[in-house]
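One structure below.
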Amino acid sequence: MSRAQLNVRVSDLLEQAIDKKRIELSTSLGSIPSRSDVVRFALEAYLNVDLSESDADARKSSTKSRSSKQ
């Protein structure tokens, strides 16, 4: 699966919320996920899609997160 890069601008408040979520997720993932990982997790949940089988970027944090959701 090819990937597109999106440039998203967020407010300071949203950036702080994403960083807070990164720290929260680090306990279950074993490492701090990237901001991009957190945004992907949120989009998957919001759009009600599971990209775990088709996601070409098999990052360690993405794999662990999807495993823990099941």
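Lettering and numbering for the structure tokens are positional, with chains as A, B, ... in the shown order, residues counted from 1 in each chain, and ligands counted from 1 in the shown order.
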
- Message: So that I can check the surroundings of Ile23 in chain A, please list as a list in words every protein, DNA and RNA residue that reaches within 9 Å of it, counting only C-alpha atoms and ignoring chain neighbours fewer than 4 positions away.
- Response: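 Residues near the query, excluding close chain neighbours: Ile18, Asp19, Thr27, Ser31, Ile32 and Pro33 of chain A.
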
Those selected residues, please, written with N, CA and C atoms and delivered as a PDB file, in the first residue's frame.
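File produced: part15.pdb:
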ATOM      1  N   ILE A  18      -2.116  15.701  22.088  1.00  0.00           N
ATOM      2  CA  ILE A  18      -1.470  14.588  21.380  1.00  0.00           C
ATOM      3  C   ILE A  18      -0.263  14.105  22.178  1.00  0.00           C
ATOM      4  N   ASP A  19       0.538  15.019  22.678  1.00  0.00           N
ATOM      5  CA  ASP A  19       1.711  14.637  23.468  1.00  0.00           C
ATOM      6  C   ASP A  19       1.310  13.934  24.762  1.00  0.00           C
ATOM      7  N   THR A  27       2.779   3.416  28.210  1.00  0.00           N
ATOM      8  CA  THR A  27       2.728   2.348  29.213  1.00  0.00           C
ATOM      9  C   THR A  27       2.234   1.042  28.611  1.00  0.00           C
ATOM     10  N   SER A  31       6.893   1.782  24.515  1.00  0.00           N
ATOM     11  CA  SER A  31       7.695   2.892  24.015  1.00  0.00           C
ATOM     12  C   SER A  31       6.746   4.032  23.670  1.00  0.00           C
ATOM     13  N   ILE A  32       7.308   5.224  23.544  1.00  0.00           N
ATOM     14  CA  ILE A  32       6.474   6.392  23.239  1.00  0.00           C
ATOM     15  C   ILE A  32       6.200   6.411  21.737  1.00  0.00           C
ATOM     16  N   PRO A  33       4.906   6.341  21.340  1.00  0.00           N
ATOM     17  CA  PRO A  33       4.593   6.402  19.911  1.00  0.00           C
ATOM     18  C   PRO A  33       4.840   7.798  19.354  1.00  0.00           C
TER      19      PRO A  33
END

- Near range 5-11 of chain A, counting only C-alpha atoms, which residues have an atom at most 12 Å away, once you skip same-chain residues fewer than 2 positions from it, shown as a list of chain:residue names? A:Ser2, A:Arg3, A:Leu13, A:Leu14, A:Glu15, A:Gln16, A:Ala17, A:Ile18, A:Arg35, A:Ser36, A:Val39, A:Arg40

Would you put the residues from that selection into a file with C-alpha atoms, as a PDB file, in the first residue's frame?
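For reference, selection38.pdb as written:
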ATOM      1  CA  SER A   2       1.414   3.381  -0.916  1.00  0.00           C
ATOM      2  CA  ARG A   3       1.358   6.184   1.607  1.00  0.00           C
ATOM      3  CA  LEU A  13      -3.801  22.906  22.798  1.00  0.00           C
ATOM      4  CA  LEU A  14      -4.225  20.023  20.344  1.00  0.00           C
ATOM      5  CA  GLU A  15      -0.461  19.491  20.185  1.00  0.00           C
ATOM      6  CA  GLN A  16      -0.374  19.244  23.991  1.00  0.00           C
ATOM      7  CA  ALA A  17      -3.278  16.761  23.955  1.00  0.00           C
ATOM      8  CA  ILE A  18      -1.470  14.588  21.380  1.00  0.00           C
ATOM      9  CA  ARG A  35       2.766  12.000  16.949  1.00  0.00           C
ATOM     10  CA  SER A  36       1.992  10.502  13.552  1.00  0.00           C
ATOM     11  CA  VAL A  39      -2.950  10.752  14.721  1.00  0.00           C
ATOM     12  CA  ARG A  40      -3.249   7.489  12.722  1.00  0.00           C
TER      13      ARG A  40
END
